[in-house]
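Let me begin by presenting the structure, written as structure tokens, before commenting on it.
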Amino acid sequence: MKINIIGTLPSSLYNFRGGLLNQLNKSNFIVQTLASGATNNDIKAVEALGGNYIDYPVSRSGLNPIQDFKTFVALRYVFKKQQPDVILAYTIKPIIWGAFAARVVPDCRFYALVTGLGFAFQKGNWKKNLLVKLVAFLYKMSLKKAQKVIFQNPDNQQVFIDLGIVPSYKTCVVNGSGVDITHFDVKPLTSSPAFLLIARLLGDKGIREYVAAANCVKQHYPDAVFQLVGPADPSPDGITLQELAKLNNDKAVDYFGATNDVRPYIEGCNVFVLPSYHEGLPRTVLEAMATGRPILTTDVPGCRETVINGENGWLVEKANVEQLAEKMIWFIENPQEWQRMAVASRAMVEDKFDVHKVNKELMNIMELN
């Protein structure tokens with residue numbers, strides 16, 4: 001059986017879908033992966049997991065009809081040539097244009113994995129609201145022949161149902177992308193208060209709120225450490241390095257740029273922070289939980305699934321700098337609670353978010369067992 005897996009970033013194929021690729025390969029499926037702009041190292045990493053690789057043109061952000069048509073044509077050509085039995089697409093462009101292109105293979109089963117609603121579903125001025133309607137329409141048209149639409153949290157699932165994009169019987173929910181609990185093993189907490197945020201430099205990741213809260217807390221607890229790890233992002237919601245430097249004028253936050261291995265940074269913190277506006281189910285939070293870290297995140301879709309308030313961390317209101325700073329101070333003033341919360345985080349990951357359990361569920365949904 002031939003299976004095509006489509007993403008946008010090549011690194012996501014091995015970072016987020018690596019366990020699935022490995023499991024499909026072990027089950028003797030022929031796996032073809034597709035993404036855009038791969039380096040030789042990216043291709044080697046994918047092939048090491050048992051997937052062949054094809055590069056195709058796709059613009060991750062924006063709606064450029066010419067570029068999007070090129071994406072559709074490229075995917076249609078690949079599918080016509082490959083004749084896959086199953087296609088799994090994730091993120092907005094691969095799902096929409098992949099679903100349309102998949103119709104060239106009549107007997108192919110198409111599955112969409114919605115890893116988050118993203119910037120395109122955030123309402124605002126009339127232009128943003130028009131974008132929401134356009135994206136919802138494209139999703140609805142493209143997914144008419146999808147076998148299943150898979151979500152990573154029930155809130156996103158309900159949005160699609162309420163907007164009439166897909167009927168409820170076509171939908172299901174899995175616990176995120178999962179995390180390898182052997183790769184991210186429990187590490188001891190350090191003694192001094194150290195907070196960490198790992199995210200792309202996007203406004204809706206709560207970068208601005210994190211820096212503002214750090215500035216506030218530093219005035220009362222100057223020894224507290226605040227770190228930020230993650231690459232710049234070219235999307236409309238991106239925060240430039242110049243803006244970050246301006247926000248961080250008081251040098252409250254240490255910014256380390258992008259990294260290929262987040263583990264040393266997670267191991268160096270005592271509390272992992274993600275003040276995001278929305279998520280599918282945040283992988284970085286799961287990685288921190290697996291390492292045994294308390295979590296401070298927002299009470300929004302995707303994030304709220306990772307925290308039981310007071311047990312393994314705290315949930316705060318989205319975009320509320322004051323609440324974020326208050327809970328940071330709570331952690332600083334209650335170090336005796338860190339270990340209890342760390343143990344609870346690890347237990348939750350083992351129970352719900354183990355990558356092997358998640359991939360088994362995905363394969364069941366796609367009828368590959």
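Residue names in the structure tokens use chain letters A, B, ... in the order shown, residue numbers from 1 in each chain, and ligand numbers from 1 in the order shown.
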Can you build me a table of range 254-285 of chain A residues sitting at most 12 Å from range 346-365 of chain A, with the closest atom pair per residue and its distance in Å to one decimal, using only C-alpha atoms, sorted by chain and residue number, as a tab-separated table?
residue	atom	partner	partner_atom	distance
A:Leu281	CA	A:Phe353	CA	10.1
A:Pro282	CA	A:Phe353	CA	11.1
A:Arg283	CA	A:Phe353	CA	9.8
A:Val285	CA	A:Val349	CA	10.0
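Neighbouring residues of Ile161 in chain A at 12 Å or closer, counting only C-alpha atoms and skipping chain neighbours under 3 positions away, are A:Ala136, A:Tyr139, A:Lys140, A:Val149, A:Phe151, A:Pro154, A:Asp155, A:Asn156, A:Gln157, A:Gln158, A:Gly164, A:Ile165, A:Val166, A:Pro167, A:Ser168, A:Tyr169, A:Lys170, A:Thr171, A:Cys172.
Counting only C-alpha atoms, the residue from A:Arg293, A:Arg17, A:Arg263, A:Arg208 that sits nearest to Ala319 in chain A is A:Arg208.
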* To do: Do a neighbour search on Arg304 in chain A at 12 Å with only C-alpha atoms, toss out local chain neighbours closer than 4 positions, and write the hits as a ChimeraX atom specification.
  => /A:152-155,274-282,285,295-300,308-309,312-318
For Pro10 in chain A, list every protein, DNA or RNA residue within 9 Å, evaluated using only C-alpha atoms, and leave out those in the same chain fewer than 2 positions away; present the list as a compact mmCIF listing (two decimals) with all heavy atoms, in the first residue's frame.
# COMPACT_ATOMS: atom_id res chain seq x y z
N GLY A 7 3.31 17.88 4.10
CA GLY A 7 3.43 19.02 4.99
C GLY A 7 3.96 20.21 4.23
O GLY A 7 3.95 20.22 3.00
N THR A 8 4.43 21.20 4.94
CA THR A 8 5.06 22.36 4.29
C THR A 8 6.55 22.40 4.63
O THR A 8 7.39 22.37 3.75
CB THR A 8 4.39 23.68 4.70
OG1 THR A 8 4.31 23.75 6.12
CG2 THR A 8 3.01 23.79 4.10
N SER A 12 9.29 19.43 9.78
CA SER A 12 8.11 18.93 10.49
C SER A 12 7.87 17.45 10.21
O SER A 12 7.27 16.75 11.02
CB SER A 12 6.87 19.74 10.11
OG SER A 12 6.44 19.44 8.79
N LEU A 13 8.35 16.98 9.06
CA LEU A 13 8.16 15.57 8.70
C LEU A 13 8.88 14.65 9.68
O LEU A 13 8.35 13.62 10.07
CB LEU A 13 8.65 15.31 7.27
CG LEU A 13 7.81 15.91 6.15
CD1 LEU A 13 8.54 15.80 4.82
CD2 LEU A 13 6.45 15.23 6.07
N TYR A 14 10.09 15.05 10.07
CA TYR A 14 10.81 14.18 11.02
C TYR A 14 10.64 14.62 12.47
O TYR A 14 10.73 13.79 13.38
CB TYR A 14 12.29 14.02 10.65
CG TYR A 14 13.07 15.30 10.38
CD1 TYR A 14 13.67 16.00 11.42
CD2 TYR A 14 13.24 15.78 9.08
CE1 TYR A 14 14.41 17.15 11.17
CE2 TYR A 14 13.96 16.94 8.82
CZ TYR A 14 14.55 17.61 9.87
OH TYR A 14 15.28 18.76 9.62
N ASN A 15 10.37 15.90 12.72
CA ASN A 15 10.19 16.35 14.10
C ASN A 15 8.81 16.01 14.64
O ASN A 15 8.67 15.62 15.80
CB ASN A 15 10.42 17.86 14.21
CG ASN A 15 11.89 18.24 14.15
OD1 ASN A 15 12.74 17.45 14.55
ND2 ASN A 15 12.18 19.42 13.66
N THR A 33 6.89 11.16 1.21
CA THR A 33 6.64 12.41 1.93
C THR A 33 6.84 13.60 1.00
O THR A 33 7.66 13.55 0.08
CB THR A 33 7.57 12.56 3.14
OG1 THR A 33 8.93 12.67 2.68
CG2 THR A 33 7.45 11.37 4.08
N LEU A 34 6.10 14.68 1.26
CA LEU A 34 6.19 15.89 0.45
C LEU A 34 6.27 17.12 1.35
O LEU A 34 5.53 17.22 2.33
CB LEU A 34 4.99 16.03 -0.48
CG LEU A 34 4.81 14.99 -1.58
CD1 LEU A 34 3.97 13.82 -1.10
CD2 LEU A 34 4.12 15.62 -2.80
N ALA A 35 7.18 18.03 1.02
CA ALA A 35 7.30 19.31 1.70
C ALA A 35 8.04 20.25 0.75
O ALA A 35 8.29 19.91 -0.40
CB ALA A 35 8.03 19.17 3.04
N SER A 36 8.40 21.42 1.26
CA SER A 36 8.99 22.43 0.37
C SER A 36 10.30 22.97 0.93
O SER A 36 10.39 23.31 2.11
CB SER A 36 8.00 23.59 0.18
OG SER A 36 8.52 24.55 -0.71
N GLY A 37 11.31 23.03 0.05
CA GLY A 37 12.58 23.66 0.42
C GLY A 37 13.49 22.83 1.28
O GLY A 37 14.21 23.37 2.13
N ALA A 38 13.53 21.53 1.08
CA ALA A 38 14.35 20.65 1.91
C ALA A 38 15.84 20.80 1.60
O ALA A 38 16.24 20.95 0.44
CB ALA A 38 13.93 19.20 1.71
N THR A 39 16.66 20.73 2.64
CA THR A 39 18.11 20.64 2.49
C THR A 39 18.49 19.17 2.37
O THR A 39 17.66 18.28 2.59
CB THR A 39 18.82 21.26 3.70
OG1 THR A 39 18.50 20.46 4.87
CG2 THR A 39 18.38 22.70 3.93
N ASP A 42 17.79 17.53 5.61
CA ASP A 42 16.37 17.24 5.80
C ASP A 42 15.99 15.94 5.10
O ASP A 42 15.30 15.08 5.67
CB ASP A 42 15.51 18.38 5.22
CG ASP A 42 15.55 19.64 6.05
OD1 ASP A 42 15.71 19.55 7.29
OD2 ASP A 42 15.43 20.74 5.47
N ILE A 43 16.43 15.81 3.86
CA ILE A 43 16.09 14.61 3.08
C ILE A 43 16.67 13.35 3.73
O ILE A 43 15.99 12.32 3.83
CB ILE A 43 16.59 14.76 1.63
CG1 ILE A 43 15.85 15.92 0.94
CG2 ILE A 43 16.39 13.46 0.85
CD1 ILE A 43 16.40 16.30 -0.42
N VAL A 46 14.55 12.38 6.75
CA VAL A 46 13.29 11.75 6.37
C VAL A 46 13.53 10.33 5.89
O VAL A 46 12.84 9.38 6.29
CB VAL A 46 12.58 12.58 5.28
CG1 VAL A 46 11.38 11.80 4.71
CG2 VAL A 46 12.12 13.92 5.84
N ASP A 55 10.07 17.25 -3.22
CA ASP A 55 9.90 18.68 -2.95
C ASP A 55 8.81 19.24 -3.87
O ASP A 55 8.74 18.86 -5.04
CB ASP A 55 11.22 19.41 -3.20
CG ASP A 55 11.43 20.56 -2.23
OD1 ASP A 55 11.88 20.30 -1.10
OD2 ASP A 55 11.13 21.71 -2.59
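One distance worth recording is that between CA of Lys327 in chain A and CA of Asn175 in chain A, which is 26.2 Å.
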Write out as a compact mmCIF listing (two decimals) with all heavy atoms, in the first residue's frame each polymer residue whose atoms come within 9 Å of Ala74 in chain A, counting only C-alpha atoms; drop sequence neighbours fewer than 4 positions from it.
# COMPACT_ATOMS: atom_id res chain seq x y z
N TYR A 56 7.96 20.09 -3.33
CA TYR A 56 6.94 20.73 -4.17
C TYR A 56 6.81 22.19 -3.76
O TYR A 56 7.16 22.56 -2.63
CB TYR A 56 5.60 19.99 -4.04
CG TYR A 56 4.84 20.27 -2.76
CD1 TYR A 56 3.77 21.15 -2.74
CD2 TYR A 56 5.20 19.66 -1.55
CE1 TYR A 56 3.07 21.42 -1.58
CE2 TYR A 56 4.51 19.91 -0.39
CZ TYR A 56 3.44 20.80 -0.40
OH TYR A 56 2.75 21.06 0.76
N PRO A 57 6.35 23.06 -4.63
CA PRO A 57 6.27 24.49 -4.31
C PRO A 57 5.04 24.81 -3.47
O PRO A 57 3.92 24.44 -3.82
CB PRO A 57 6.16 25.16 -5.69
CG PRO A 57 5.47 24.12 -6.54
CD PRO A 57 5.96 22.79 -6.03
N PHE A 69 -2.03 28.01 -7.19
CA PHE A 69 -2.33 27.17 -8.35
C PHE A 69 -1.14 26.27 -8.69
O PHE A 69 -1.30 25.10 -9.03
CB PHE A 69 -2.71 28.03 -9.55
CG PHE A 69 -3.10 27.23 -10.77
CD1 PHE A 69 -4.28 26.51 -10.79
CD2 PHE A 69 -2.27 27.18 -11.88
CE1 PHE A 69 -4.64 25.76 -11.91
CE2 PHE A 69 -2.61 26.43 -12.99
CZ PHE A 69 -3.81 25.72 -13.01
N LYS A 70 0.07 26.83 -8.56
CA LYS A 70 1.28 26.03 -8.78
C LYS A 70 1.36 24.88 -7.78
O LYS A 70 1.77 23.77 -8.13
CB LYS A 70 2.52 26.91 -8.68
CG LYS A 70 2.72 27.87 -9.86
CD LYS A 70 3.97 28.71 -9.66
CE LYS A 70 4.19 29.67 -10.83
NZ LYS A 70 5.38 30.54 -10.61
N VAL A 78 2.12 14.83 -8.85
CA VAL A 78 2.71 13.79 -7.99
C VAL A 78 1.70 12.66 -7.75
O VAL A 78 2.02 11.47 -7.87
CB VAL A 78 3.19 14.38 -6.65
CG1 VAL A 78 3.59 13.26 -5.68
CG2 VAL A 78 4.36 15.32 -6.87
N PHE A 79 0.46 13.03 -7.41
CA PHE A 79 -0.54 12.00 -7.10
C PHE A 79 -0.87 11.16 -8.32
O PHE A 79 -1.05 9.94 -8.22
CB PHE A 79 -1.82 12.65 -6.56
CG PHE A 79 -1.64 13.41 -5.27
CD1 PHE A 79 -2.52 14.41 -4.91
CD2 PHE A 79 -0.57 13.13 -4.41
CE1 PHE A 79 -2.37 15.11 -3.73
CE2 PHE A 79 -0.40 13.83 -3.23
CZ PHE A 79 -1.31 14.82 -2.89
N ALA A 101 -6.32 18.20 -5.24
CA ALA A 101 -5.45 17.45 -6.15
C ALA A 101 -5.67 15.94 -6.05
O ALA A 101 -5.52 15.21 -7.04
CB ALA A 101 -3.99 17.79 -5.87
* Could you name the residues that touch Leu88 in chain A at 7 Å or less, counting only C-alpha atoms, but leaving out those on the same chain fewer than 3 positions away, as a PyMOL selection string? -> chain A and resi 4-6+110-112
Restricting the output to N, CA, C and O atoms, write the selected residues as a tab-separated table (two decimals), in the first residue's frame.
chain	number	residue	atom	x	y	z
A	4	ASN	N	1.01	8.72	0.96
A	4	ASN	CA	1.66	10.03	0.81
A	4	ASN	C	1.36	10.87	2.04
A	4	ASN	O	0.21	10.98	2.47
A	5	ILE	N	2.40	11.48	2.61
A	5	ILE	CA	2.23	12.39	3.75
A	5	ILE	C	2.72	13.77	3.32
A	5	ILE	O	3.87	13.92	2.89
A	6	ILE	N	1.84	14.78	3.42
A	6	ILE	CA	2.16	16.12	2.90
A	6	ILE	C	2.19	17.15	4.02
A	6	ILE	O	1.22	17.30	4.76
A	110	PHE	N	-8.40	10.17	1.40
A	110	PHE	CA	-7.74	11.41	1.83
A	110	PHE	C	-8.11	11.73	3.27
A	110	PHE	O	-9.28	11.77	3.64
A	111	TYR	N	-7.06	11.99	4.09
A	111	TYR	CA	-7.26	12.35	5.50
A	111	TYR	C	-6.59	13.70	5.76
A	111	TYR	O	-5.45	13.93	5.34
A	112	ALA	N	-7.30	14.57	6.46
A	112	ALA	CA	-6.76	15.89	6.83
A	112	ALA	C	-6.48	15.91	8.33
A	112	ALA	O	-7.36	15.55	9.13
* DSSP strand (DSSP E or B) residues within range 110-145 of chain A, listed as an MDAnalysis selection string -> chainID A and resid 110:114
How would the residues just chosen look if you wrote them out with C-alpha atoms as an mmCIF file, in the first residue's frame?
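As a result, selection_3.cif now contains:
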data_model
loop_
_atom_site.group_PDB
_atom_site.id
_atom_site.type_symbol
_atom_site.label_atom_id
_atom_site.label_comp_id
_atom_site.auth_asym_id
_atom_site.auth_seq_id
_atom_site.Cartn_x
_atom_site.Cartn_y
_atom_site.Cartn_z
ATOM 1 C CA PHE A 110 -7.737 11.408 1.831
ATOM 2 C CA TYR A 111 -7.256 12.354 5.497
ATOM 3 C CA ALA A 112 -6.761 15.886 6.827
ATOM 4 C CA LEU A 113 -4.906 16.468 10.101
ATOM 5 C CA VAL A 114 -5.790 19.962 11.380
#
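Summary of the local environment: counting only C-alpha atoms, residues at most 9 Å from Phe16 in chain A, other than itself and those fewer than 4 positions away along its chain, are Ser11, Ser12, Leu20, Ser177, Gly178, Val179 and Arg283 of chain A.
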Within 12 Å of range 241-262 of chain A, which residues of range 82-195 of chain A show up? Give each one with its shortest atom-to-atom distance in Å (one decimal) and the two atoms involved, counting only C-alpha atoms, rows by chain then rising residue number, as a tab-separated table.
residue	atom	partner	partner_atom	distance
A:His183	CA	A:Asp261	CA	10.9
A:Phe184	CA	A:Val262	CA	9.7
A:Ala194	CA	A:Val253	CA	10.7
A:Phe195	CA	A:Val253	CA	9.5
Could those selected residues go to a file with all heavy atoms, as a PDB file, in the first residue's frame?
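Now in part13.pdb:
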ATOM      1  N   HIS A 183      12.986   9.985  24.314  1.00  0.00           N
ATOM      2  CA  HIS A 183      13.865  11.052  23.826  1.00  0.00           C
ATOM      3  C   HIS A 183      13.841  12.244  24.782  1.00  0.00           C
ATOM      4  O   HIS A 183      14.860  12.900  25.013  1.00  0.00           O
ATOM      5  CB  HIS A 183      13.415  11.493  22.431  1.00  0.00           C
ATOM      6  CG  HIS A 183      14.340  12.460  21.758  1.00  0.00           C
ATOM      7  ND1 HIS A 183      15.617  12.125  21.350  1.00  0.00           N
ATOM      8  CD2 HIS A 183      14.165  13.765  21.416  1.00  0.00           C
ATOM      9  CE1 HIS A 183      16.199  13.181  20.793  1.00  0.00           C
ATOM     10  NE2 HIS A 183      15.340  14.189  20.823  1.00  0.00           N
ATOM     11  N   PHE A 184      12.651  12.511  25.340  1.00  0.00           N
ATOM     12  CA  PHE A 184      12.509  13.565  26.334  1.00  0.00           C
ATOM     13  C   PHE A 184      12.283  12.906  27.692  1.00  0.00           C
ATOM     14  O   PHE A 184      11.154  12.652  28.102  1.00  0.00           O
ATOM     15  CB  PHE A 184      11.349  14.496  25.977  1.00  0.00           C
ATOM     16  CG  PHE A 184      11.624  15.356  24.774  1.00  0.00           C
ATOM     17  CD1 PHE A 184      11.311  14.906  23.502  1.00  0.00           C
ATOM     18  CD2 PHE A 184      12.223  16.598  24.906  1.00  0.00           C
ATOM     19  CE1 PHE A 184      11.577  15.679  22.382  1.00  0.00           C
ATOM     20  CE2 PHE A 184      12.488  17.382  23.790  1.00  0.00           C
ATOM     21  CZ  PHE A 184      12.173  16.918  22.528  1.00  0.00           C
ATOM     22  N   ALA A 194      13.763  29.796  36.893  1.00  0.00           N
ATOM     23  CA  ALA A 194      14.139  29.990  35.490  1.00  0.00           C
ATOM     24  C   ALA A 194      12.951  29.629  34.614  1.00  0.00           C
ATOM     25  O   ALA A 194      12.433  28.507  34.682  1.00  0.00           O
ATOM     26  CB  ALA A 194      15.348  29.132  35.135  1.00  0.00           C
ATOM     27  N   PHE A 195      12.503  30.579  33.798  1.00  0.00           N
ATOM     28  CA  PHE A 195      11.346  30.402  32.921  1.00  0.00           C
ATOM     29  C   PHE A 195      11.815  30.309  31.469  1.00  0.00           C
ATOM     30  O   PHE A 195      12.784  30.951  31.079  1.00  0.00           O
ATOM     31  CB  PHE A 195      10.390  31.591  33.074  1.00  0.00           C
ATOM     32  CG  PHE A 195       9.834  31.753  34.462  1.00  0.00           C
ATOM     33  CD1 PHE A 195      10.541  32.459  35.433  1.00  0.00           C
ATOM     34  CD2 PHE A 195       8.611  31.207  34.801  1.00  0.00           C
ATOM     35  CE1 PHE A 195      10.032  32.617  36.715  1.00  0.00           C
ATOM     36  CE2 PHE A 195       8.085  31.362  36.081  1.00  0.00           C
ATOM     37  CZ  PHE A 195       8.802  32.068  37.042  1.00  0.00           C
TER      38      PHE A 195
END
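With only C-alpha atoms as the atoms that count, the minimum distance from Leu49 in chain A to the choices A:Ile329, A:Val73, A:Ala342, A:Val31 is reached by A:Val31.
The coordinates place CA of Asp223 in chain A at 14.8 Å from CA of Trp330 in chain A.
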* Step one, run DSSP on the backbone; step two, keep only residues of range 91-262 of chain A assigned to alpha helix (DSSP H); then write them as a VMD selection string. => chain A and resid 92 to 101 126 to 142 154 to 162 207 to 220 241 to 247
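For the set A:Gly51, A:Gly176, A:Gly124, A:Pro234, the residue with the smallest atom-to-atom gap to Glu287 in chain A is A:Gly176, counting only C-alpha atoms.
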